[in-house]
Every structure is written in structure tokens, then in C-alpha cells.
>>> print(open('work10.pdb').read())   # PDB, N, CA and C atoms, pLDDT in the B column
ATOM      1  N   MET A   1       8.280  11.211   4.022  1.00 89.00           N
ATOM      2  CA  MET A   1       7.042  11.827   3.596  1.00 89.00           C
ATOM      3  C   MET A   1       6.178  10.810   2.839  1.00 89.00           C
ATOM      4  N   GLU A   2       6.750  10.133   1.874  1.00 91.00           N
ATOM      5  CA  GLU A   2       5.972   9.181   1.085  1.00 91.00           C
ATOM      6  C   GLU A   2       5.547   7.961   1.913  1.00 91.00           C
ATOM      7  N   SER A   3       6.425   7.480   2.787  1.00 92.00           N
ATOM      8  CA  SER A   3       6.061   6.314   3.603  1.00 92.00           C
ATOM      9  C   SER A   3       4.950   6.676   4.596  1.00 92.00           C
ATOM     10  N   ALA A   4       4.998   7.884   5.141  1.00 91.00           N
ATOM     11  CA  ALA A   4       3.929   8.317   6.054  1.00 91.00           C
ATOM     12  C   ALA A   4       2.602   8.408   5.310  1.00 91.00           C
ATOM     13  N   LEU A   5       2.632   8.931   4.089  1.00 92.00           N
ATOM     14  CA  LEU A   5       1.409   9.027   3.292  1.00 92.00           C
ATOM     15  C   LEU A   5       0.893   7.639   2.924  1.00 92.00           C
ATOM     16  N   ASP A   6       1.779   6.729   2.577  1.00 94.00           N
ATOM     17  CA  ASP A   6       1.369   5.348   2.271  1.00 94.00           C
ATOM     18  C   ASP A   6       0.682   4.702   3.468  1.00 94.00           C
ATOM     19  N   ARG A   7       1.251   4.878   4.652  1.00 95.00           N
ATOM     20  CA  ARG A   7       0.647   4.308   5.865  1.00 95.00           C
ATOM     21  C   ARG A   7      -0.720   4.924   6.140  1.00 95.00           C
ATOM     22  N   ALA A   8      -0.834   6.230   5.928  1.00 94.00           N
ATOM     23  CA  ALA A   8      -2.120   6.904   6.142  1.00 94.00           C
ATOM     24  C   ALA A   8      -3.163   6.405   5.145  1.00 94.00           C
ATOM     25  N   ARG A   9      -2.766   6.204   3.897  1.00 94.00           N
ATOM     26  CA  ARG A   9      -3.701   5.684   2.887  1.00 94.00           C
ATOM     27  C   ARG A   9      -4.175   4.280   3.243  1.00 94.00           C
ATOM     28  N   GLN A  10      -3.259   3.454   3.724  1.00 96.00           N
ATOM     29  CA  GLN A  10      -3.638   2.092   4.130  1.00 96.00           C
ATOM     30  C   GLN A  10      -4.632   2.137   5.290  1.00 96.00           C
ATOM     31  N   ALA A  11      -4.368   2.993   6.244  1.00 96.00           N
ATOM     32  CA  ALA A  11      -5.256   3.103   7.403  1.00 96.00           C
ATOM     33  C   ALA A  11      -6.614   3.678   7.017  1.00 96.00           C
ATOM     34  N   ALA A  12      -6.651   4.573   6.032  1.00 95.00           N
ATOM     35  CA  ALA A  12      -7.894   5.239   5.639  1.00 95.00           C
ATOM     36  C   ALA A  12      -8.799   4.361   4.784  1.00 95.00           C
ATOM     37  N   GLY A  13      -8.223   3.402   4.091  1.00 95.00           N
ATOM     38  CA  GLY A  13      -9.054   2.571   3.220  1.00 95.00           C
ATOM     39  C   GLY A  13      -9.655   3.408   2.106  1.00 95.00           C
ATOM     40  N   ASP A  14     -11.001   3.443   2.033  1.00 95.00           N
ATOM     41  CA  ASP A  14     -11.712   4.198   0.985  1.00 95.00           C
ATOM     42  C   ASP A  14     -11.842   5.691   1.297  1.00 95.00           C
ATOM     43  N   ARG A  15     -11.514   6.080   2.504  1.00 96.00           N
ATOM     44  CA  ARG A  15     -11.725   7.471   2.922  1.00 96.00           C
ATOM     45  C   ARG A  15     -10.583   8.376   2.477  1.00 96.00           C
ATOM     46  N   ASP A  16     -10.836   9.686   2.514  1.00 93.00           N
ATOM     47  CA  ASP A  16      -9.809  10.673   2.182  1.00 93.00           C
ATOM     48  C   ASP A  16      -8.724  10.699   3.243  1.00 93.00           C
ATOM     49  N   VAL A  17      -7.536  11.070   2.830  1.00 94.00           N
ATOM     50  CA  VAL A  17      -6.424  11.285   3.753  1.00 94.00           C
ATOM     51  C   VAL A  17      -6.183  12.781   3.829  1.00 94.00           C
ATOM     52  N   ARG A  18      -6.092  13.309   5.038  1.00 92.00           N
ATOM     53  CA  ARG A  18      -5.814  14.734   5.249  1.00 92.00           C
ATOM     54  C   ARG A  18      -4.452  14.877   5.909  1.00 92.00           C
ATOM     55  N   ILE A  19      -3.684  15.811   5.409  1.00 90.00           N
ATOM     56  CA  ILE A  19      -2.344  16.077   5.925  1.00 90.00           C
ATOM     57  C   ILE A  19      -2.377  17.440   6.586  1.00 90.00           C
ATOM     58  N   ALA A  20      -1.938  17.526   7.822  1.00 89.00           N
ATOM     59  CA  ALA A  20      -1.896  18.798   8.532  1.00 89.00           C
ATOM     60  C   ALA A  20      -0.497  19.385   8.430  1.00 89.00           C
ATOM     61  N   GLY A  21      -0.440  20.686   8.290  1.00 86.00           N
ATOM     62  CA  GLY A  21       0.847  21.353   8.229  1.00 86.00           C
ATOM     63  C   GLY A  21       0.680  22.767   7.718  1.00 86.00           C
ATOM     64  N   GLY A  22       1.777  23.412   7.515  1.00 83.00           N
ATOM     65  CA  GLY A  22       1.751  24.789   7.036  1.00 83.00           C
ATOM     66  C   GLY A  22       2.119  24.876   5.565  1.00 83.00           C
ATOM     67  N   GLY A  23       2.494  26.083   5.157  1.00 83.00           N
ATOM     68  CA  GLY A  23       2.833  26.333   3.763  1.00 83.00           C
ATOM     69  C   GLY A  23       3.958  25.459   3.246  1.00 83.00           C
ATOM     70  N   ALA A  24       4.983  25.233   4.066  1.00 86.00           N
ATOM     71  CA  ALA A  24       6.118  24.416   3.634  1.00 86.00           C
ATOM     72  C   ALA A  24       5.685  22.980   3.365  1.00 86.00           C
ATOM     73  N   THR A  25       4.776  22.461   4.177  1.00 89.00           N
ATOM     74  CA  THR A  25       4.271  21.103   3.980  1.00 89.00           C
ATOM     75  C   THR A  25       3.498  21.010   2.672  1.00 89.00           C
ATOM     76  N   ILE A  26       2.652  22.003   2.404  1.00 89.00           N
ATOM     77  CA  ILE A  26       1.893  22.022   1.156  1.00 89.00           C
ATOM     78  C   ILE A  26       2.841  22.022  -0.038  1.00 89.00           C
ATOM     79  N   VAL A  27       3.843  22.895  -0.014  1.00 89.00           N
ATOM     80  CA  VAL A  27       4.795  22.990  -1.127  1.00 89.00           C
ATOM     81  C   VAL A  27       5.502  21.659  -1.347  1.00 89.00           C
ATOM     82  N   GLU A  28       5.943  21.003  -0.281  1.00 91.00           N
ATOM     83  CA  GLU A  28       6.632  19.711  -0.412  1.00 91.00           C
ATOM     84  C   GLU A  28       5.745  18.669  -1.090  1.00 91.00           C
ATOM     85  N   TYR A  29       4.509  18.548  -0.636  1.00 91.00           N
ATOM     86  CA  TYR A  29       3.610  17.547  -1.189  1.00 91.00           C
ATOM     87  C   TYR A  29       3.175  17.889  -2.608  1.00 91.00           C
ATOM     88  N   VAL A  30       2.935  19.166  -2.909  1.00 92.00           N
ATOM     89  CA  VAL A  30       2.587  19.568  -4.274  1.00 92.00           C
ATOM     90  C   VAL A  30       3.734  19.243  -5.217  1.00 92.00           C
ATOM     91  N   ASN A  31       4.959  19.633  -4.851  1.00 92.00           N
ATOM     92  CA  ASN A  31       6.113  19.381  -5.712  1.00 92.00           C
ATOM     93  C   ASN A  31       6.395  17.896  -5.901  1.00 92.00           C
ATOM     94  N   ALA A  32       6.042  17.085  -4.911  1.00 92.00           N
ATOM     95  CA  ALA A  32       6.245  15.642  -5.024  1.00 92.00           C
ATOM     96  C   ALA A  32       5.122  14.964  -5.807  1.00 92.00           C
ATOM     97  N   GLY A  33       4.072  15.716  -6.136  1.00 91.00           N
ATOM     98  CA  GLY A  33       2.953  15.144  -6.873  1.00 91.00           C
ATOM     99  C   GLY A  33       2.115  14.187  -6.046  1.00 91.00           C
ATOM    100  N   LEU A  34       2.069  14.400  -4.734  1.00 92.00           N
ATOM    101  CA  LEU A  34       1.418  13.450  -3.841  1.00 92.00           C
ATOM    102  C   LEU A  34       0.026  13.863  -3.369  1.00 92.00           C
ATOM    103  N   ILE A  35      -0.424  15.069  -3.709  1.00 91.00           N
ATOM    104  CA  ILE A  35      -1.768  15.476  -3.287  1.00 91.00           C
ATOM    105  C   ILE A  35      -2.550  15.993  -4.491  1.00 91.00           C
ATOM    106  N   ASP A  36      -3.861  15.854  -4.418  1.00 92.00           N
ATOM    107  CA  ASP A  36      -4.702  16.328  -5.511  1.00 92.00           C
ATOM    108  C   ASP A  36      -5.524  17.557  -5.134  1.00 92.00           C
ATOM    109  N   GLU A  37      -5.582  17.877  -3.840  1.00 94.00           N
ATOM    110  CA  GLU A  37      -6.333  19.048  -3.396  1.00 94.00           C
ATOM    111  C   GLU A  37      -5.842  19.440  -2.012  1.00 94.00           C
ATOM    112  N   PHE A  38      -5.852  20.748  -1.721  1.00 93.00           N
ATOM    113  CA  PHE A  38      -5.513  21.203  -0.374  1.00 93.00           C
ATOM    114  C   PHE A  38      -6.327  22.425  -0.019  1.00 93.00           C
ATOM    115  N   SER A  39      -6.477  22.642   1.274  1.00 92.00           N
ATOM    116  CA  SER A  39      -7.195  23.808   1.805  1.00 92.00           C
ATOM    117  C   SER A  39      -6.278  24.564   2.746  1.00 92.00           C
ATOM    118  N   ILE A  40      -6.429  25.873   2.738  1.00 91.00           N
ATOM    119  CA  ILE A  40      -5.690  26.713   3.667  1.00 91.00           C
ATOM    120  C   ILE A  40      -6.661  27.661   4.350  1.00 91.00           C
ATOM    121  N   ALA A  41      -6.318  28.077   5.538  1.00 89.00           N
ATOM    122  CA  ALA A  41      -7.087  29.082   6.271  1.00 89.00           C
ATOM    123  C   ALA A  41      -6.236  30.333   6.308  1.00 89.00           C
ATOM    124  N   LEU A  42      -6.715  31.384   5.671  1.00 87.00           N
ATOM    125  CA  LEU A  42      -5.980  32.639   5.567  1.00 87.00           C
ATOM    126  C   LEU A  42      -6.611  33.663   6.501  1.00 87.00           C
ATOM    127  N   SER A  43      -5.817  34.126   7.473  1.00 84.00           N
ATOM    128  CA  SER A  43      -6.303  35.091   8.443  1.00 84.00           C
ATOM    129  C   SER A  43      -5.507  36.386   8.298  1.00 84.00           C
ATOM    130  N   PRO A  44      -6.179  37.518   8.179  1.00 77.00           N
ATOM    131  CA  PRO A  44      -5.481  38.786   7.934  1.00 77.00           C
ATOM    132  C   PRO A  44      -4.873  39.392   9.199  1.00 77.00           C
ATOM    133  N   VAL A  45      -3.968  38.657   9.816  1.00 74.00           N
ATOM    134  CA  VAL A  45      -3.271  39.145  11.004  1.00 74.00           C
ATOM    135  C   VAL A  45      -1.828  39.398  10.604  1.00 74.00           C
ATOM    136  N   LEU A  46      -1.350  40.595  10.844  1.00 70.00           N
ATOM    137  CA  LEU A  46       0.006  40.959  10.452  1.00 70.00           C
ATOM    138  C   LEU A  46       0.904  41.009  11.677  1.00 70.00           C
ATOM    139  N   PHE A  47       2.014  40.315  11.614  1.00 69.00           N
ATOM    140  CA  PHE A  47       2.970  40.286  12.709  1.00 69.00           C
ATOM    141  C   PHE A  47       4.255  41.028  12.350  1.00 69.00           C
ATOM    142  N   GLY A  48       4.208  41.868  11.338  1.00 67.00           N
ATOM    143  CA  GLY A  48       5.395  42.626  10.953  1.00 67.00           C
ATOM    144  C   GLY A  48       6.128  42.041   9.766  1.00 67.00           C
ATOM    145  N   SER A  49       5.852  40.794   9.436  1.00 69.00           N
ATOM    146  CA  SER A  49       6.453  40.191   8.252  1.00 69.00           C
ATOM    147  C   SER A  49       5.580  39.022   7.828  1.00 69.00           C
ATOM    148  N   GLY A  50       5.894  38.461   6.704  1.00 66.00           N
ATOM    149  CA  GLY A  50       5.099  37.338   6.222  1.00 66.00           C
ATOM    150  C   GLY A  50       5.900  36.507   5.252  1.00 66.00           C
ATOM    151  N   ILE A  51       5.239  35.518   4.696  1.00 67.00           N
ATOM    152  CA  ILE A  51       5.878  34.662   3.709  1.00 67.00           C
ATOM    153  C   ILE A  51       5.031  34.649   2.445  1.00 67.00           C
ATOM    154  N   ARG A  52       5.667  34.360   1.324  1.00 76.00           N
ATOM    155  CA  ARG A  52       4.929  34.169   0.081  1.00 76.00           C
ATOM    156  C   ARG A  52       4.333  32.775   0.151  1.00 76.00           C
ATOM    157  N   LEU A  53       3.028  32.696   0.054  1.00 78.00           N
ATOM    158  CA  LEU A  53       2.317  31.455   0.327  1.00 78.00           C
ATOM    159  C   LEU A  53       2.739  30.297  -0.567  1.00 78.00           C
ATOM    160  N   PHE A  54       2.929  30.525  -1.864  1.00 82.00           N
ATOM    161  CA  PHE A  54       3.247  29.430  -2.773  1.00 82.00           C
ATOM    162  C   PHE A  54       4.669  29.503  -3.299  1.00 82.00           C
ATOM    163  N   GLU A  55       5.532  30.215  -2.585  1.00 86.00           N
ATOM    164  CA  GLU A  55       6.926  30.286  -2.989  1.00 86.00           C
ATOM    165  C   GLU A  55       7.536  28.882  -2.917  1.00 86.00           C
ATOM    166  N   GLY A  56       8.175  28.475  -3.993  1.00 87.00           N
ATOM    167  CA  GLY A  56       8.792  27.164  -4.019  1.00 87.00           C
ATOM    168  C   GLY A  56       7.986  26.111  -4.750  1.00 87.00           C
ATOM    169  N   VAL A  57       6.723  26.420  -5.097  1.00 89.00           N
ATOM    170  CA  VAL A  57       5.959  25.467  -5.902  1.00 89.00           C
ATOM    171  C   VAL A  57       6.573  25.433  -7.288  1.00 89.00           C
ATOM    172  N   ASP A  58       6.846  24.241  -7.791  1.00 90.00           N
ATOM    173  CA  ASP A  58       7.434  24.056  -9.115  1.00 90.00           C
ATOM    174  C   ASP A  58       6.339  24.230 -10.163  1.00 90.00           C
ATOM    175  N   ALA A  59       6.211  25.441 -10.709  1.00 90.00           N
ATOM    176  CA  ALA A  59       5.147  25.764 -11.657  1.00 90.00           C
ATOM    177  C   ALA A  59       5.282  24.997 -12.966  1.00 90.00           C
ATOM    178  N   ALA A  60       6.447  24.438 -13.234  1.00 91.00           N
ATOM    179  CA  ALA A  60       6.619  23.628 -14.438  1.00 91.00           C
ATOM    180  C   ALA A  60       5.998  22.243 -14.264  1.00 91.00           C
ATOM    181  N   ARG A  61       5.797  21.825 -13.024  1.00 90.00           N
ATOM    182  CA  ARG A  61       5.253  20.482 -12.743  1.00 90.00           C
ATOM    183  C   ARG A  61       3.813  20.502 -12.265  1.00 90.00           C
ATOM    184  N   ALA A  62       3.386  21.589 -11.617  1.00 92.00           N
ATOM    185  CA  ALA A  62       2.048  21.612 -11.014  1.00 92.00           C
ATOM    186  C   ALA A  62       1.362  22.946 -11.261  1.00 92.00           C
ATOM    187  N   ALA A  63       0.056  22.885 -11.433  1.00 92.00           N
ATOM    188  CA  ALA A  63      -0.776  24.081 -11.536  1.00 92.00           C
ATOM    189  C   ALA A  63      -1.826  24.008 -10.434  1.00 92.00           C
ATOM    190  N   LEU A  64      -2.209  25.145  -9.916  1.00 92.00           N
ATOM    191  CA  LEU A  64      -3.209  25.209  -8.854  1.00 92.00           C
ATOM    192  C   LEU A  64      -4.483  25.831  -9.414  1.00 92.00           C
ATOM    193  N   ASP A  65      -5.575  25.098  -9.325  1.00 95.00           N
ATOM    194  CA  ASP A  65      -6.866  25.578  -9.794  1.00 95.00           C
ATOM    195  C   ASP A  65      -7.757  25.873  -8.602  1.00 95.00           C
ATOM    196  N   PRO A  66      -8.265  27.115  -8.482  1.00 96.00           N
ATOM    197  CA  PRO A  66      -9.148  27.434  -7.357  1.00 96.00           C
ATOM    198  C   PRO A  66     -10.429  26.606  -7.423  1.00 96.00           C
ATOM    199  N   VAL A  67     -10.819  26.040  -6.283  1.00 97.00           N
ATOM    200  CA  VAL A  67     -12.029  25.225  -6.194  1.00 97.00           C
ATOM    201  C   VAL A  67     -13.108  25.966  -5.414  1.00 97.00           C
ATOM    202  N   ARG A  68     -12.694  26.568  -4.280  1.00 97.00           N
ATOM    203  CA  ARG A  68     -13.686  27.158  -3.382  1.00 97.00           C
ATOM    204  C   ARG A  68     -13.022  28.223  -2.512  1.00 97.00           C
ATOM    205  N   ALA A  69     -13.782  29.257  -2.197  1.00 97.00           N
ATOM    206  CA  ALA A  69     -13.363  30.276  -1.231  1.00 97.00           C
ATOM    207  C   ALA A  69     -14.543  30.533  -0.304  1.00 97.00           C
ATOM    208  N   GLU A  70     -14.311  30.375   0.995  1.00 97.00           N
ATOM    209  CA  GLU A  70     -15.368  30.557   1.987  1.00 97.00           C
ATOM    210  C   GLU A  70     -14.937  31.646   2.970  1.00 97.00           C
ATOM    211  N   PRO A  71     -15.380  32.878   2.728  1.00 95.00           N
ATOM    212  CA  PRO A  71     -14.964  33.978   3.614  1.00 95.00           C
ATOM    213  C   PRO A  71     -15.815  34.063   4.876  1.00 95.00           C
ATOM    214  N   SER A  72     -15.198  34.599   5.919  1.00 93.00           N
ATOM    215  CA  SER A  72     -15.894  34.954   7.148  1.00 93.00           C
ATOM    216  C   SER A  72     -15.215  36.226   7.661  1.00 93.00           C
ATOM    217  N   PRO A  73     -15.724  36.837   8.705  1.00 91.00           N
ATOM    218  CA  PRO A  73     -15.104  38.079   9.182  1.00 91.00           C
ATOM    219  C   PRO A  73     -13.645  37.920   9.637  1.00 91.00           C
ATOM    220  N   ARG A  74     -13.232  36.739  10.064  1.00 89.00           N
ATOM    221  CA  ARG A  74     -11.884  36.592  10.626  1.00 89.00           C
ATOM    222  C   ARG A  74     -10.954  35.693   9.824  1.00 89.00           C
ATOM    223  N   VAL A  75     -11.507  34.878   8.934  1.00 91.00           N
ATOM    224  CA  VAL A  75     -10.661  33.946   8.185  1.00 91.00           C
ATOM    225  C   VAL A  75     -11.333  33.629   6.845  1.00 91.00           C
ATOM    226  N   THR A  76     -10.522  33.357   5.845  1.00 94.00           N
ATOM    227  CA  THR A  76     -11.031  32.881   4.564  1.00 94.00           C
ATOM    228  C   THR A  76     -10.433  31.506   4.315  1.00 94.00           C
ATOM    229  N   HIS A  77     -11.291  30.547   4.043  1.00 95.00           N
ATOM    230  CA  HIS A  77     -10.853  29.185   3.738  1.00 95.00           C
ATOM    231  C   HIS A  77     -10.767  29.049   2.221  1.00 95.00           C
ATOM    232  N   LEU A  78      -9.592  28.700   1.719  1.00 95.00           N
ATOM    233  CA  LEU A  78      -9.353  28.561   0.287  1.00 95.00           C
ATOM    234  C   LEU A  78      -9.022  27.118  -0.031  1.00 95.00           C
ATOM    235  N   THR A  79      -9.621  26.592  -1.081  1.00 96.00           N
ATOM    236  CA  THR A  79      -9.338  25.223  -1.524  1.00 96.00           C
ATOM    237  C   THR A  79      -8.876  25.267  -2.971  1.00 96.00           C
ATOM    238  N   TYR A  80      -7.786  24.535  -3.235  1.00 95.00           N
ATOM    239  CA  TYR A  80      -7.205  24.452  -4.574  1.00 95.00           C
ATOM    240  C   TYR A  80      -7.076  23.001  -4.998  1.00 95.00           C
ATOM    241  N   ALA A  81      -7.343  22.734  -6.262  1.00 96.00           N
ATOM    242  CA  ALA A  81      -7.041  21.435  -6.857  1.00 96.00           C
ATOM    243  C   ALA A  81      -5.641  21.529  -7.446  1.00 96.00           C
ATOM    244  N   VAL A  82      -4.889  20.447  -7.341  1.00 95.00           N
ATOM    245  CA  VAL A  82      -3.536  20.398  -7.886  1.00 95.00           C
ATOM    246  C   VAL A  82      -3.596  19.594  -9.179  1.00 95.00           C
ATOM    247  N   ARG A  83      -3.168  20.223 -10.252  1.00 93.00           N
ATOM    248  CA  ARG A  83      -3.150  19.565 -11.554  1.00 93.00           C
ATOM    249  C   ARG A  83      -1.696  19.412 -11.989  1.00 93.00           C
ATOM    250  N   GLN A  84      -1.310  18.194 -12.342  1.00 89.00           N
ATOM    251  CA  GLN A  84       0.058  17.953 -12.813  1.00 89.00           C
ATOM    252  C   GLN A  84       0.176  18.440 -14.250  1.00 89.00           C
ATOM    253  N   ARG A  85       1.285  19.080 -14.553  1.00 87.00           N
ATOM    254  CA  ARG A  85       1.511  19.559 -15.938  1.00 87.00           C
ATOM    255  C   ARG A  85       2.303  18.547 -16.706  1.00 87.00           C
TER     256      ARG A  85
END
>>> encode(input="work10.pdb", output="C-alpha cells")
Amino acid sequence: MESALDRARQAAGDRDVRIAGGGATIVEYVNAGLIDEFSIALSPVLFGSGIRLFEGVDAARAALDPVRAEPSPRVTHLTYAVRQR
């Protein structure tokens, strides 16, 4: 995970690095202290079960501060800043 991020940062130069993945990927990077902001697309489609979105985030190490919410009829885009505690 860290070596892939290092390679992406080198390739990006001055630009932002974006990591694609799901909830588990976000939790891994937040807990490792490797990201400062993330966005999720939340769609209200129910398939009979679900997951807790931030289950596994180490609340003793990281706090999530809401930055932006952009709703639409089918999806809401949420952005959070990650603050280390």
C-alpha cells in the first residue's frame, strides 16, 4: 500500500494523487495516516444488506471532518478531511 502510494506521488509530481477503491480501502489508508481527504459516492440502493461505512476507522488516531456534500436525485457525493489526533 505505501509503496504504491509512493510511486503514485512520484508520478504525479505537484498534482494530487487519487486512490480508487471502496470502503475497506478508505479505512486502510485513513488508519495508516496516508490520506488527507477522501470522497465517497453514496447511492440509496438497498440490496438486502449493507455495511457500516466507517467501521474499522481507528477513532483514537483519526477524525473525519465534513468538507462538502453534493446531493443529486440518485447519488450524494460526500467529501471528508482526515485529521490526525
>>> resolve_selection(input="work10.pdb", expression="the PyMOL selection byres (((chain A and resi 31 and name CA) around 12) and name CA)", output="list in words")
Ala24, Thr25, Ile26, Val27, Glu28, Tyr29, Val30, Ala32, Gly33, Leu34, Ile35, Asp36, Phe54, Glu55, Gly56, Val57, Asp58, Ala59, Ala60, Arg61, Ala62, Ala63, Leu64, Val82, Arg83, Gln84 and Arg85 of chain A
>>> residues_around(input="work10.pdb", residues="A:Val75", least_positions_apart="4", cutoff="7 Å", atoms="only N, CA and C atoms", output="PyMOL selection string")
chain A and resi 41-44+70-71
>>> atom_distance(input="work10.pdb", atom1="atom N of A:Arg68", atom2="atom N of A:Glu37")
11.2 Å
>>> atom_distance(input="work10.pdb", atom1="atom N of A:Gly21", atom2="atom CA of A:Pro73")
22.8 Å
>>> resolve_selection(input="work10.pdb", expression="the PyMOL selection byres ((chain A and resi 80) around 5)", output="MDAnalysis selection string")
chainID A and resid 37:38 65:67 78:79 81:82
>>> select_by_dssp(input="work10.pdb", residues="chain A", states="helix (DSSP H, G or I)", output="list in words")
Glu2, Ser3, Ala4, Leu5, Asp6, Arg7, Ala8, Arg9, Gln10, Ala11, Ala12, Gly23, Ala24, Thr25, Ile26, Val27, Glu28, Tyr29, Val30, Asn31 and Ala32 of chain A
>>> atom_distance(input="work10.pdb", atom1="atom CA of A:Ser72", atom2="atom N of A:Leu46")
16.0 Å
>>> select_by_dssp(input="work10.pdb", residues="stretch 4-85 of chain A", states="strand (DSSP E)", output="ChimeraX atom specification")
/A:37-42,62-71,76-84
>>> closest_residue(input="work10.pdb", among="A:Gly13, A:Leu53, A:Arg7, A:Ile40", to="A:Thr76", atoms="only N, CA and C atoms")
A:Ile40
>>> build_atoms(input="work10.pdb", residues="stretch 14-21 of chain A", atoms="all heavy atoms", output="mmCIF file, in the coordinates of the input")
data_model
loop_
_atom_site.group_PDB
_atom_site.id
_atom_site.type_symbol
_atom_site.label_atom_id
_atom_site.label_comp_id
_atom_site.auth_asym_id
_atom_site.auth_seq_id
_atom_site.Cartn_x
_atom_site.Cartn_y
_atom_site.Cartn_z
ATOM 1 N N ASP A 14 -11.001 3.443 2.033
ATOM 2 C CA ASP A 14 -11.712 4.198 0.985
ATOM 3 C C ASP A 14 -11.842 5.691 1.297
ATOM 4 O O ASP A 14 -12.266 6.464 0.446
ATOM 5 C CB ASP A 14 -13.139 3.651 0.825
ATOM 6 C CG ASP A 14 -13.166 2.245 0.277
ATOM 7 O OD1 ASP A 14 -12.092 1.684 0.019
ATOM 8 O OD2 ASP A 14 -14.272 1.708 0.121
ATOM 9 N N ARG A 15 -11.514 6.080 2.504
ATOM 10 C CA ARG A 15 -11.725 7.471 2.922
ATOM 11 C C ARG A 15 -10.583 8.376 2.477
ATOM 12 O O ARG A 15 -9.508 7.915 2.119
ATOM 13 C CB ARG A 15 -11.889 7.537 4.438
ATOM 14 C CG ARG A 15 -13.128 6.768 4.906
ATOM 15 C CD ARG A 15 -13.174 6.653 6.377
ATOM 16 N NE ARG A 15 -12.014 5.844 6.798
ATOM 17 C CZ ARG A 15 -11.717 5.546 8.026
ATOM 18 N NH1 ARG A 15 -12.456 5.973 9.004
ATOM 19 N NH2 ARG A 15 -10.669 4.813 8.312
ATOM 20 N N ASP A 16 -10.836 9.686 2.514
ATOM 21 C CA ASP A 16 -9.809 10.673 2.182
ATOM 22 C C ASP A 16 -8.724 10.699 3.243
ATOM 23 O O ASP A 16 -8.981 10.422 4.414
ATOM 24 C CB ASP A 16 -10.408 12.079 2.090
ATOM 25 C CG ASP A 16 -11.291 12.277 0.881
ATOM 26 O OD1 ASP A 16 -11.166 11.493 -0.079
ATOM 27 O OD2 ASP A 16 -12.102 13.213 0.893
ATOM 28 N N VAL A 17 -7.536 11.070 2.830
ATOM 29 C CA VAL A 17 -6.424 11.285 3.753
ATOM 30 C C VAL A 17 -6.183 12.781 3.829
ATOM 31 O O VAL A 17 -6.083 13.456 2.814
ATOM 32 C CB VAL A 17 -5.137 10.567 3.271
ATOM 33 C CG1 VAL A 17 -3.948 10.954 4.120
ATOM 34 C CG2 VAL A 17 -5.344 9.067 3.265
ATOM 35 N N ARG A 18 -6.092 13.309 5.038
ATOM 36 C CA ARG A 18 -5.814 14.734 5.249
ATOM 37 C C ARG A 18 -4.452 14.877 5.909
ATOM 38 O O ARG A 18 -4.135 14.156 6.844
ATOM 39 C CB ARG A 18 -6.896 15.371 6.104
ATOM 40 C CG ARG A 18 -8.231 15.332 5.402
ATOM 41 C CD ARG A 18 -9.284 16.097 6.157
ATOM 42 N NE ARG A 18 -10.532 16.035 5.434
ATOM 43 C CZ ARG A 18 -11.019 17.043 4.719
ATOM 44 N NH1 ARG A 18 -10.369 18.170 4.656
ATOM 45 N NH2 ARG A 18 -12.164 16.912 4.089
ATOM 46 N N ILE A 19 -3.684 15.811 5.409
ATOM 47 C CA ILE A 19 -2.344 16.077 5.925
ATOM 48 C C ILE A 19 -2.377 17.440 6.586
ATOM 49 O O ILE A 19 -2.803 18.415 5.979
ATOM 50 C CB ILE A 19 -1.308 16.073 4.783
ATOM 51 C CG1 ILE A 19 -1.326 14.742 4.053
ATOM 52 C CG2 ILE A 19 0.076 16.408 5.312
ATOM 53 C CD1 ILE A 19 -0.631 14.774 2.712
ATOM 54 N N ALA A 20 -1.938 17.526 7.822
ATOM 55 C CA ALA A 20 -1.896 18.798 8.532
ATOM 56 C C ALA A 20 -0.497 19.385 8.430
ATOM 57 O O ALA A 20 0.495 18.660 8.451
ATOM 58 C CB ALA A 20 -2.287 18.600 9.994
ATOM 59 N N GLY A 21 -0.440 20.686 8.290
ATOM 60 C CA GLY A 21 0.847 21.353 8.229
ATOM 61 C C GLY A 21 0.680 22.767 7.718
ATOM 62 O O GLY A 21 -0.430 23.229 7.481
#
